[in-house]
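Only one structure is covered here, and it is reproduced in the block below.
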Amino acid sequence: MFLQKLELQGFKSFANKTVLDFPGGIAAVVGPNGSGKSNIADAIRWLLGEREARNLRGGKNDDLIFAGTEKKARMGMATASLYFDNSSGFFPTEFKEVVISRRIDRDGDSKFFLNQSEMRMKDIVDFFAKAKLGARGLNMIGQGESDLILKSTPLERRELIEELLGLKEYLLKKNAASRELKNTFFNLEKARAQLAEIEPHLRSLRRQVSRWTKRDSLAEELRNIENSYYSGRVRKITESLRAFDPEIEKLDKEIDRLKNEEKALEQEFKKIEVSEPKAKKELEALRNKRRELFNKRLVSSAVPAERSKASIPAENDFKSLLKEIRELAEAALSSGLEEDPKSVLKKIVSLIEDMENAAEAQPEVQVVDGKLEEFNRLMDELDEEEKKYQIELDSFNKVFRESLRQVEAKKDEIEELDDKKQQLIFQKDKALFQKSELENQLRSISRKFEDFVGVAADMRMDERTAETRMMRLRAELSSMGDVDEAIVKEAEATEERHEFLSNQIVDLEKASADLKTLLKDLDFKIRNEFNVALKKINDELQSFVKLMFGGGRAELKLEKIRETTKDVLEAAGTLGEVVLNQEEAEEIRPGIEIDVVLPKKKIKGLEVLSGGERSLLSIAILFALISISPPPFLVLDEVDAALDERNARRFGELLKNYAKETQFVIVTHNRATMEAADVLYGVTMGDDGVSRVVSLKLS
């Protein structure tokens with residue numbers, strides 16, 4: 001199956017959306033006269049690129065759009081789409097399904113679409129030509145055209161056959177090449193005439209400017225030295241300036257990043273700083289409490305000792321011990337407990353133990369002993385608590401110092417990068433100053449800084465030598481005086497024009513030779529393939545003529561070319577090929593004549609055949625053609641109208657035989673043709689003037 005379906009909406013009598021599926025084989029469209037069945041064939045012809053409304057049985061393009069009836073309003077646009085199965089790659093495109101659509105509105109705007117992409121009509125025609133399809137070929141025989149090939153002119157017959165054989169693509173190329181060759185010839189003659197016209201004037205201009213040849217040589221030398229001398233300095237400054245901005249930008253980004261990090265570190269530092277007083281205050285409170293305990297201990301231990309002086313055997317020893325305890329306590333209190341508290345306490349406890357041993361027998365001293373024990377317990381608790389807060393404070397101090405160190409380190413990083421940035425800015429300003437100085441220097445010799453950007457330096461002398469040589473060349477050029485720039489410019493323009501025309505002539509001569517070769521190759525291919533196919537067609541035609549008429553013969557043959565035209569062409573040679581217009585070329589190209597002799601008839605010629613005989617002969621020729629080059633599908637509109645029942649059945653059998661390779665869409669009234677169909681589409685028209693389709697698949 002190649003032709004899949006046809007969709008219509010607003011086209012002629014098909015106002016509503018109508019879809020006809022083509023399952024393959026033979027699809028017959030039937031219906032009474034005036035029902036609109038031939039509009040289906042017209043729609044296919046329109047989609048294949050038909051331009052003229054009269055060839056679609058209409059007077060103007062508006063006639064293709066549903067005109068409206070009393071019961072159905074007219075439509076403003078007509079659309080049609082033809083769907084093809086391209087899985088075999090028949091069409092030259094990668095799409096597996098090809099959809100050709102066409103749309104026209106009442107403003108006359110007509111558009112083609114290939115798979116929803118808008119296309120020019122010329123491109124669609126070329127597209128179908130490559131597939132051996134066309135709007136006016138033998139694959140589309142409309143109503144009243146059953147004897148199309150008979151009533152056509154010899155040249156028209158040849159074109160019909162060429163299209164069915166797939167030669168139209170090469171003919172289009174040949175015609176395009178002929179037109180291009182003709183244009184090339186005239187352009188070549190025009191270029192030669194223009195070249196001959198300017199050459200004398202160019203010789204005069206060359207003589208006038210010859211005296212400035214040396215000046216040009218000196219100016220060129222000066223310019224070359226300047227290019228070599230200054231391009232190196234320009235490149236150095238340019239590269240330097242080009243390098244600064246990315247580095248400065250990079251540093252700016254890095255500084256911004258570090259500043260953000262610094263801000264985050266400072267915020268963290270402030271949080272740490274705010275948390276400092278709590279541990280410090282707690283530790284201070286503990287130290288105050290410790291001092292109070294020391295004072296209470298000293299008071300409580302001194303009173304009972306005074307009361308029991310008489311009973312204590314070694315009074316001086318007690319005084320000495322108490323004195324030491326007091327001194328230790330005062331020293332500890334006065335120093336802010338800088339010394340390790342444990343060491344002080346250990347010494348106090350040791351002295352107290354000595355006192356306890358000395359006054360073991362005294363009851364007052366044992367009262368003191370109980371308080372010492374309480375003192376020791378409280379001191380131990382304070383010691384433990386102080387240790388805890390001291391650890392916390394030490395940890396805080398460590399975090400505090402580290403946070404402060406990070407903030408300061410980040411500031412140092414920022415400062416270091418900022419120093420680098422300022423250094424780069426200084427260097428950039430220095431380079432800009434150098435550029436400004438160089439621009440001023442170049443301005444004095446009528447040159448610009450930009451003249452040397454990208455110029456390769458090729459210094460073959462040192463800078464001192466180059467500077468000296470440039471000064472001498474400028475002085476020498478100045479002494480030679482000014483050149484008449486108008487004459488120089490005219491000479492240059494004329495030289496350029498002369499060179500352009502010379503090159504154009506060479507190109508046109510080559511193009512002309514290539515086009516002649518292409519035309520020769522295309523002409524040989526078309527002529528050779530056509531002649532080979534024509535012989536095969538005639539062999540098949542004899543069989544079909546005998547089948548249709550029970551004997552006789554028919555032959556398609558090339559008509560004779562008029563000798564006068566042929567002689568003119570041969571005498572004119574290449575020039576004649578170029579200047580011949582299209583009409584003359586068609587006269588030279590032989591058309592196809594038809595010789596026919598029917599059985600039991602002495603008369604010859606197409607003009608004496610009856611309507612039925614003309615239809616039979618046309619069918620015989622058609623099937624002889626498609627047997628040699630079967631098209632993917634054929635649309636035949638009432639080509640069997642003039643056949644009697646016996647010949648109609650022969651026609652139906654032929655359709656069945658060739659339906660394996662070619663799809664047929666037949667518009668018919670003939671019962672025998674209907675019986676050969678695989679699917680029937682019945683077209684009716686209601687009182688609203690709209691065509692409708694009913695399908696019937698025949699097994």
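Each chain in the structure tokens gets a letter, A, B, ..., in the order shown, and its residues are numbered from 1; ligands are numbered from 1 in order too.
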Kindly provide the residues of range 461-551 of chain A that approach range 600-620 of chain A to within 9 Å, each paired with its closest atom pair and their distance in Å to one decimal, based on only C-alpha atoms, listed by chain and increasing number, as JSON lines.
```
{"residue": "A:Glu540", "atom": "CA", "partner": "A:Ala620", "partner_atom": "CA", "distance": 8.9}
{"residue": "A:Leu541", "atom": "CA", "partner": "A:Ala620", "partner_atom": "CA", "distance": 6.3}
{"residue": "A:Gln542", "atom": "CA", "partner": "A:Ala620", "partner_atom": "CA", "distance": 8.7}
{"residue": "A:Ser543", "atom": "CA", "partner": "A:Ala620", "partner_atom": "CA", "distance": 8.6}
{"residue": "A:Phe544", "atom": "CA", "partner": "A:Ala620", "partner_atom": "CA", "distance": 5.2}
{"residue": "A:Val545", "atom": "CA", "partner": "A:Ala620", "partner_atom": "CA", "distance": 6.0}
{"residue": "A:Leu547", "atom": "CA", "partner": "A:Ala620", "partner_atom": "CA", "distance": 8.6}
{"residue": "A:Met548", "atom": "CA", "partner": "A:Leu616", "partner_atom": "CA", "distance": 6.4}
{"residue": "A:Phe549", "atom": "CA", "partner": "A:Leu616", "partner_atom": "CA", "distance": 7.9}
{"residue": "A:Gly551", "atom": "CA", "partner": "A:Lys600", "partner_atom": "CA", "distance": 8.9}
```
Subject >> Selected residue, from A:Leu522, A:Val125, A:Leu3, A:Ile414, that lies nearest to Asp256 in chain A when counting only C-alpha atoms >> reply: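 Closest to Asp256 in chain A of all the choices is A:Ile414.
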Give one line per residue of range 181-276 of chain A that approaches range 417-434 of chain A to at most 12 Å, naming the two atoms of the closest pair and their distance in Å to one decimal, counting only C-alpha atoms; sort by chain then ascending residue number and deliver it as a tab-separated table.
```
residue	atom	partner	partner_atom	distance
A:Arg233	CA	A:Gln434	CA	9.6
A:Val234	CA	A:Gln434	CA	9.8
A:Arg235	CA	A:Ala431	CA	11.8
A:Lys236	CA	A:Ala431	CA	9.5
A:Ile237	CA	A:Ala431	CA	6.3
A:Thr238	CA	A:Ala431	CA	8.8
A:Glu239	CA	A:Ala431	CA	10.1
A:Ser240	CA	A:Ala431	CA	7.2
A:Leu241	CA	A:Lys428	CA	6.4
A:Arg242	CA	A:Lys428	CA	9.6
A:Ala243	CA	A:Lys428	CA	9.2
A:Phe244	CA	A:Lys428	CA	6.4
A:Asp245	CA	A:Lys428	CA	8.5
A:Pro246	CA	A:Leu424	CA	10.7
A:Glu247	CA	A:Leu424	CA	8.0
A:Ile248	CA	A:Lys421	CA	6.0
A:Glu249	CA	A:Lys421	CA	9.1
A:Lys250	CA	A:Lys421	CA	9.5
A:Leu251	CA	A:Lys421	CA	6.5
A:Asp252	CA	A:Lys421	CA	7.8
A:Lys253	CA	A:Leu417	CA	10.6
A:Glu254	CA	A:Leu417	CA	8.1
A:Ile255	CA	A:Leu417	CA	6.7
A:Asp256	CA	A:Leu417	CA	10.5
A:Arg257	CA	A:Leu417	CA	11.4
A:Leu258	CA	A:Leu417	CA	9.6
A:Lys259	CA	A:Leu417	CA	11.1
```
Can you write out the residues you just picked, keeping N, CA and C atoms, as a PDB file, in the first residue's frame?
```pdb
ATOM      1  N   ARG A 233      55.603  46.950  19.830  1.00  0.00           N
ATOM      2  CA  ARG A 233      55.253  47.791  20.994  1.00  0.00           C
ATOM      3  C   ARG A 233      53.747  47.758  21.254  1.00  0.00           C
ATOM      4  N   VAL A 234      52.976  47.783  20.173  1.00  0.00           N
ATOM      5  CA  VAL A 234      51.516  47.726  20.330  1.00  0.00           C
ATOM      6  C   VAL A 234      51.094  46.384  20.926  1.00  0.00           C
ATOM      7  N   ARG A 235      51.713  45.321  20.419  1.00  0.00           N
ATOM      8  CA  ARG A 235      51.358  43.996  20.948  1.00  0.00           C
ATOM      9  C   ARG A 235      51.699  43.883  22.426  1.00  0.00           C
ATOM     10  N   LYS A 236      52.877  44.395  22.817  1.00  0.00           N
ATOM     11  CA  LYS A 236      53.293  44.327  24.222  1.00  0.00           C
ATOM     12  C   LYS A 236      52.322  45.088  25.122  1.00  0.00           C
ATOM     13  N   ILE A 237      51.943  46.316  24.700  1.00  0.00           N
ATOM     14  CA  ILE A 237      51.004  47.116  25.499  1.00  0.00           C
ATOM     15  C   ILE A 237      49.625  46.454  25.527  1.00  0.00           C
ATOM     16  N   THR A 238      49.181  45.970  24.351  1.00  0.00           N
ATOM     17  CA  THR A 238      47.848  45.345  24.262  1.00  0.00           C
ATOM     18  C   THR A 238      47.759  44.104  25.136  1.00  0.00           C
ATOM     19  N   GLU A 239      48.779  43.251  25.028  1.00  0.00           N
ATOM     20  CA  GLU A 239      48.770  42.033  25.841  1.00  0.00           C
ATOM     21  C   GLU A 239      48.832  42.362  27.321  1.00  0.00           C
ATOM     22  N   SER A 240      49.618  43.408  27.652  1.00  0.00           N
ATOM     23  CA  SER A 240      49.718  43.813  29.053  1.00  0.00           C
ATOM     24  C   SER A 240      48.367  44.292  29.569  1.00  0.00           C
ATOM     25  N   LEU A 241      47.709  45.168  28.793  1.00  0.00           N
ATOM     26  CA  LEU A 241      46.399  45.683  29.212  1.00  0.00           C
ATOM     27  C   LEU A 241      45.348  44.577  29.250  1.00  0.00           C
ATOM     28  N   ARG A 242      45.459  43.672  28.296  1.00  0.00           N
ATOM     29  CA  ARG A 242      44.500  42.570  28.266  1.00  0.00           C
ATOM     30  C   ARG A 242      44.629  41.676  29.493  1.00  0.00           C
ATOM     31  N   ALA A 243      45.861  41.609  30.030  1.00  0.00           N
ATOM     32  CA  ALA A 243      46.090  40.723  31.178  1.00  0.00           C
ATOM     33  C   ALA A 243      45.674  41.355  32.496  1.00  0.00           C
ATOM     34  N   PHE A 244      45.664  42.695  32.559  1.00  0.00           N
ATOM     35  CA  PHE A 244      45.398  43.355  33.846  1.00  0.00           C
ATOM     36  C   PHE A 244      43.965  43.147  34.323  1.00  0.00           C
ATOM     37  N   ASP A 245      43.003  43.445  33.465  1.00  0.00           N
ATOM     38  CA  ASP A 245      41.601  43.424  33.903  1.00  0.00           C
ATOM     39  C   ASP A 245      41.157  42.069  34.459  1.00  0.00           C
ATOM     40  N   PRO A 246      41.488  40.935  33.789  1.00  0.00           N
ATOM     41  CA  PRO A 246      41.092  39.652  34.394  1.00  0.00           C
ATOM     42  C   PRO A 246      41.728  39.424  35.762  1.00  0.00           C
ATOM     43  N   GLU A 247      43.002  39.849  35.902  1.00  0.00           N
ATOM     44  CA  GLU A 247      43.666  39.657  37.190  1.00  0.00           C
ATOM     45  C   GLU A 247      43.028  40.534  38.264  1.00  0.00           C
ATOM     46  N   ILE A 248      42.742  41.801  37.902  1.00  0.00           N
ATOM     47  CA  ILE A 248      42.101  42.700  38.873  1.00  0.00           C
ATOM     48  C   ILE A 248      40.709  42.185  39.233  1.00  0.00           C
ATOM     49  N   GLU A 249      39.991  41.741  38.218  1.00  0.00           N
ATOM     50  CA  GLU A 249      38.656  41.198  38.476  1.00  0.00           C
ATOM     51  C   GLU A 249      38.736  39.962  39.362  1.00  0.00           C
ATOM     52  N   LYS A 250      39.738  39.137  39.092  1.00  0.00           N
ATOM     53  CA  LYS A 250      39.927  37.931  39.904  1.00  0.00           C
ATOM     54  C   LYS A 250      40.232  38.297  41.351  1.00  0.00           C
ATOM     55  N   LEU A 251      41.099  39.312  41.542  1.00  0.00           N
ATOM     56  CA  LEU A 251      41.429  39.754  42.900  1.00  0.00           C
ATOM     57  C   LEU A 251      40.207  40.359  43.590  1.00  0.00           C
ATOM     58  N   ASP A 252      39.404  41.134  42.834  1.00  0.00           N
ATOM     59  CA  ASP A 252      38.194  41.719  43.419  1.00  0.00           C
ATOM     60  C   ASP A 252      37.257  40.630  43.929  1.00  0.00           C
ATOM     61  N   LYS A 253      37.103  39.606  43.126  1.00  0.00           N
ATOM     62  CA  LYS A 253      36.230  38.507  43.550  1.00  0.00           C
ATOM     63  C   LYS A 253      36.786  37.816  44.784  1.00  0.00           C
ATOM     64  N   GLU A 254      38.133  37.629  44.798  1.00  0.00           N
ATOM     65  CA  GLU A 254      38.758  36.955  45.947  1.00  0.00           C
ATOM     66  C   GLU A 254      38.656  37.833  47.196  1.00  0.00           C
ATOM     67  N   ILE A 255      38.843  39.149  47.009  1.00  0.00           N
ATOM     68  CA  ILE A 255      38.728  40.065  48.156  1.00  0.00           C
ATOM     69  C   ILE A 255      37.299  40.070  48.690  1.00  0.00           C
ATOM     70  N   ASP A 256      36.334  40.097  47.773  1.00  0.00           N
ATOM     71  CA  ASP A 256      34.930  40.055  48.215  1.00  0.00           C
ATOM     72  C   ASP A 256      34.644  38.772  48.982  1.00  0.00           C
ATOM     73  N   ARG A 257      35.196  37.675  48.468  1.00  0.00           N
ATOM     74  CA  ARG A 257      34.984  36.398  49.162  1.00  0.00           C
ATOM     75  C   ARG A 257      35.603  36.419  50.558  1.00  0.00           C
ATOM     76  N   LEU A 258      36.843  36.969  50.669  1.00  0.00           N
ATOM     77  CA  LEU A 258      37.513  37.023  51.970  1.00  0.00           C
ATOM     78  C   LEU A 258      36.799  37.978  52.921  1.00  0.00           C
ATOM     79  N   LYS A 259      36.258  39.079  52.378  1.00  0.00           N
ATOM     80  CA  LYS A 259      35.528  40.015  53.234  1.00  0.00           C
ATOM     81  C   LYS A 259      34.267  39.368  53.798  1.00  0.00           C
TER      82      LYS A 259
END
```
**OP:** Considering only C-alpha atoms, return as a list in words whatever protein or nucleic-acid residues lie within 12 Å of Asn115 in chain A, sequence-local ones (same chain, fewer than 5 positions apart) excluded.
**Re:**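 The contact residues come out as Ser81, Leu82, Tyr83, Phe84, Thr93, Glu94, Phe95, Lys96, Glu97, Val98, Val99, Ile100, Ser101, Arg102 and Ile124 of chain A.
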Let's have the selection written as a CSV table (one decimal), in the first residue's frame, with all heavy atoms.
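The new file out16.csv reads:
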```
chain,number,residue,atom,x,y,z
A,81,SER,N,-5.7,16.9,2.0
A,81,SER,CA,-4.4,16.3,2.4
A,81,SER,C,-4.4,14.9,1.8
A,81,SER,O,-5.4,14.1,1.8
A,81,SER,CB,-4.3,16.2,3.9
A,81,SER,OG,-4.2,17.5,4.5
A,82,LEU,N,-3.2,14.5,1.3
A,82,LEU,CA,-3.0,13.2,0.7
A,82,LEU,C,-1.9,12.5,1.5
A,82,LEU,O,-0.8,13.0,1.6
A,82,LEU,CB,-2.6,13.3,-0.8
A,82,LEU,CG,-2.9,12.1,-1.7
A,82,LEU,CD1,-4.3,11.7,-1.7
A,82,LEU,CD2,-2.5,12.5,-3.1
A,83,TYR,N,-2.2,11.3,2.0
A,83,TYR,CA,-1.2,10.6,2.9
A,83,TYR,C,-0.6,9.4,2.1
A,83,TYR,O,-1.3,8.7,1.4
A,83,TYR,CB,-2.0,10.0,4.1
A,83,TYR,CG,-2.4,11.0,5.1
A,83,TYR,CD1,-3.5,11.8,4.8
A,83,TYR,CD2,-1.8,11.2,6.3
A,83,TYR,CE1,-4.0,12.8,5.7
A,83,TYR,CE2,-2.2,12.1,7.3
A,83,TYR,CZ,-3.3,12.9,7.0
A,83,TYR,OH,-3.7,13.8,7.9
A,84,PHE,N,0.7,9.3,2.2
A,84,PHE,CA,1.5,8.3,1.5
A,84,PHE,C,2.3,7.5,2.5
A,84,PHE,O,2.8,8.0,3.4
A,84,PHE,CB,2.5,8.9,0.5
A,84,PHE,CG,1.8,9.6,-0.6
A,84,PHE,CD1,1.6,11.0,-0.5
A,84,PHE,CD2,1.3,9.0,-1.8
A,84,PHE,CE1,1.0,11.8,-1.5
A,84,PHE,CE2,0.7,9.8,-2.8
A,84,PHE,CZ,0.6,11.1,-2.7
A,93,THR,N,12.9,11.4,1.0
A,93,THR,CA,12.8,12.0,2.3
A,93,THR,C,12.9,11.0,3.3
A,93,THR,O,12.6,9.8,3.1
A,93,THR,CB,11.5,12.9,2.4
A,93,THR,OG1,11.5,13.4,3.7
A,93,THR,CG2,10.3,12.0,2.3
A,94,GLU,N,13.3,11.4,4.6
A,94,GLU,CA,13.5,10.4,5.6
A,94,GLU,C,12.2,10.1,6.3
A,94,GLU,O,12.1,9.1,7.1
A,94,GLU,CB,14.5,10.9,6.7
A,94,GLU,CG,14.0,12.1,7.5
A,94,GLU,CD,14.3,13.4,6.8
A,94,GLU,OE1,14.6,13.4,5.7
A,94,GLU,OE2,14.1,14.4,7.5
A,95,PHE,N,11.1,10.8,6.0
A,95,PHE,CA,9.8,10.5,6.7
A,95,PHE,C,9.3,9.2,6.3
A,95,PHE,O,9.2,8.9,5.1
A,95,PHE,CB,8.8,11.6,6.4
A,95,PHE,CG,9.2,13.0,6.9
A,95,PHE,CD1,9.5,14.0,6.1
A,95,PHE,CD2,9.2,13.2,8.3
A,95,PHE,CE1,9.8,15.3,6.5
A,95,PHE,CE2,9.6,14.5,8.8
A,95,PHE,CZ,9.9,15.5,7.9
A,96,LYS,N,8.8,8.4,7.2
A,96,LYS,CA,8.1,7.1,6.9
A,96,LYS,C,6.7,7.3,6.4
A,96,LYS,O,6.2,6.5,5.7
A,96,LYS,CB,8.1,6.2,8.2
A,96,LYS,CG,9.5,5.9,8.7
A,96,LYS,CD,10.3,5.2,7.6
A,96,LYS,CE,11.7,4.8,8.1
A,96,LYS,NZ,12.6,4.2,7.1
A,97,GLU,N,6.1,8.4,6.8
A,97,GLU,CA,4.8,8.8,6.2
A,97,GLU,C,4.9,10.2,5.6
A,97,GLU,O,5.4,11.1,6.3
A,97,GLU,CB,3.7,8.8,7.3
A,97,GLU,CG,2.3,9.1,6.8
A,97,GLU,CD,1.2,9.1,7.8
A,97,GLU,OE1,1.3,10.0,8.7
A,97,GLU,OE2,0.3,8.3,7.8
A,98,VAL,N,4.5,10.4,4.4
A,98,VAL,CA,4.5,11.7,3.7
A,98,VAL,C,3.1,12.2,3.6
A,98,VAL,O,2.2,11.5,3.1
A,98,VAL,CB,5.2,11.5,2.4
A,98,VAL,CG1,5.1,12.9,1.6
A,98,VAL,CG2,6.7,11.2,2.5
A,99,VAL,N,2.9,13.4,4.1
A,99,VAL,CA,1.6,14.0,4.0
A,99,VAL,C,1.7,15.3,3.2
A,99,VAL,O,2.4,16.2,3.6
A,99,VAL,CB,1.0,14.3,5.4
A,99,VAL,CG1,-0.4,14.9,5.2
A,99,VAL,CG2,1.0,13.1,6.2
A,100,ILE,N,1.0,15.4,2.0
A,100,ILE,CA,1.0,16.6,1.2
A,100,ILE,C,-0.3,17.3,1.4
A,100,ILE,O,-1.4,16.7,1.3
A,100,ILE,CB,1.2,16.3,-0.3
A,100,ILE,CG1,2.5,15.5,-0.5
A,100,ILE,CG2,1.1,17.5,-1.1
A,100,ILE,CD1,3.7,16.3,-0.2
A,101,SER,N,-0.3,18.5,1.9
A,101,SER,CA,-1.5,19.3,2.2
A,101,SER,C,-1.5,20.6,1.3
A,101,SER,O,-0.5,21.1,1.0
A,101,SER,CB,-1.6,19.6,3.7
A,101,SER,OG,-1.6,18.4,4.4
A,102,ARG,N,-2.7,21.0,1.0
A,102,ARG,CA,-2.9,22.3,0.3
A,102,ARG,C,-4.1,23.0,0.8
A,102,ARG,O,-5.1,22.4,1.2
A,102,ARG,CB,-3.0,22.0,-1.2
A,102,ARG,CG,-2.9,23.3,-2.0
A,102,ARG,CD,-2.9,23.0,-3.5
A,102,ARG,NE,-2.7,24.2,-4.3
A,102,ARG,CZ,-2.6,24.3,-5.6
A,102,ARG,NH1,-2.7,23.1,-6.3
A,102,ARG,NH2,-2.4,25.4,-6.3
A,124,ILE,N,7.2,21.4,-4.5
A,124,ILE,CA,6.3,20.3,-4.5
A,124,ILE,C,6.3,19.6,-5.9
A,124,ILE,O,6.3,18.4,-6.0
A,124,ILE,CB,4.9,20.8,-4.1
A,124,ILE,CG1,4.9,21.2,-2.6
A,124,ILE,CG2,3.9,19.7,-4.4
A,124,ILE,CD1,5.1,20.0,-1.7
```
Original post:
Do you know which residues are at most 9 Å from Ala641 in chain A counting only C-alpha atoms, after dropping those on the same chain fewer than 6 positions away, and could you put them as an MDAnalysis selection string?
Top reply: chainID A and resid 146 612 615 648 668:670
For N, CA and C atoms, I'd like the residues from the last selection saved as a PDB file, in the first residue's frame.
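New file selection_39.pdb:
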```
ATOM      1  N   SER A 146     -10.452  10.354 -21.356  1.00  0.00           N
ATOM      2  CA  SER A 146     -10.117   8.935 -21.540  1.00  0.00           C
ATOM      3  C   SER A 146      -9.202   8.735 -22.746  1.00  0.00           C
ATOM      4  N   GLY A 612     -15.664   4.423 -28.880  1.00  0.00           N
ATOM      5  CA  GLY A 612     -15.287   3.196 -28.176  1.00  0.00           C
ATOM      6  C   GLY A 612     -13.904   2.736 -28.571  1.00  0.00           C
ATOM      7  N   SER A 615     -11.292   4.833 -26.896  1.00  0.00           N
ATOM      8  CA  SER A 615     -11.123   4.458 -25.491  1.00  0.00           C
ATOM      9  C   SER A 615     -10.312   3.186 -25.370  1.00  0.00           C
ATOM     10  N   ALA A 648     -15.564  -3.662 -20.965  1.00  0.00           N
ATOM     11  CA  ALA A 648     -15.459  -3.204 -19.579  1.00  0.00           C
ATOM     12  C   ALA A 648     -14.919  -4.318 -18.685  1.00  0.00           C
ATOM     13  N   THR A 668     -16.260   5.673 -11.576  1.00  0.00           N
ATOM     14  CA  THR A 668     -16.910   4.871 -12.621  1.00  0.00           C
ATOM     15  C   THR A 668     -18.411   4.764 -12.404  1.00  0.00           C
ATOM     16  N   HIS A 669     -19.106   4.473 -13.518  1.00  0.00           N
ATOM     17  CA  HIS A 669     -20.521   4.087 -13.479  1.00  0.00           C
ATOM     18  C   HIS A 669     -20.670   2.621 -13.870  1.00  0.00           C
ATOM     19  N   ASN A 670     -19.558   2.020 -14.302  1.00  0.00           N
ATOM     20  CA  ASN A 670     -19.612   0.710 -14.932  1.00  0.00           C
ATOM     21  C   ASN A 670     -19.650  -0.397 -13.896  1.00  0.00           C
TER      22      ASN A 670
END
```
Subject >> For CA of Asp687 in chain A and CA of Pro32 in chain A, the interatomic separation in Å (one decimal) >> reply: 14.2 Å
Subject >> One-decimal distance in Å that lies between CA of Glu499 in chain A and CA of Ser210 in chain A >> reply: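 So the answer is 18.7 Å.
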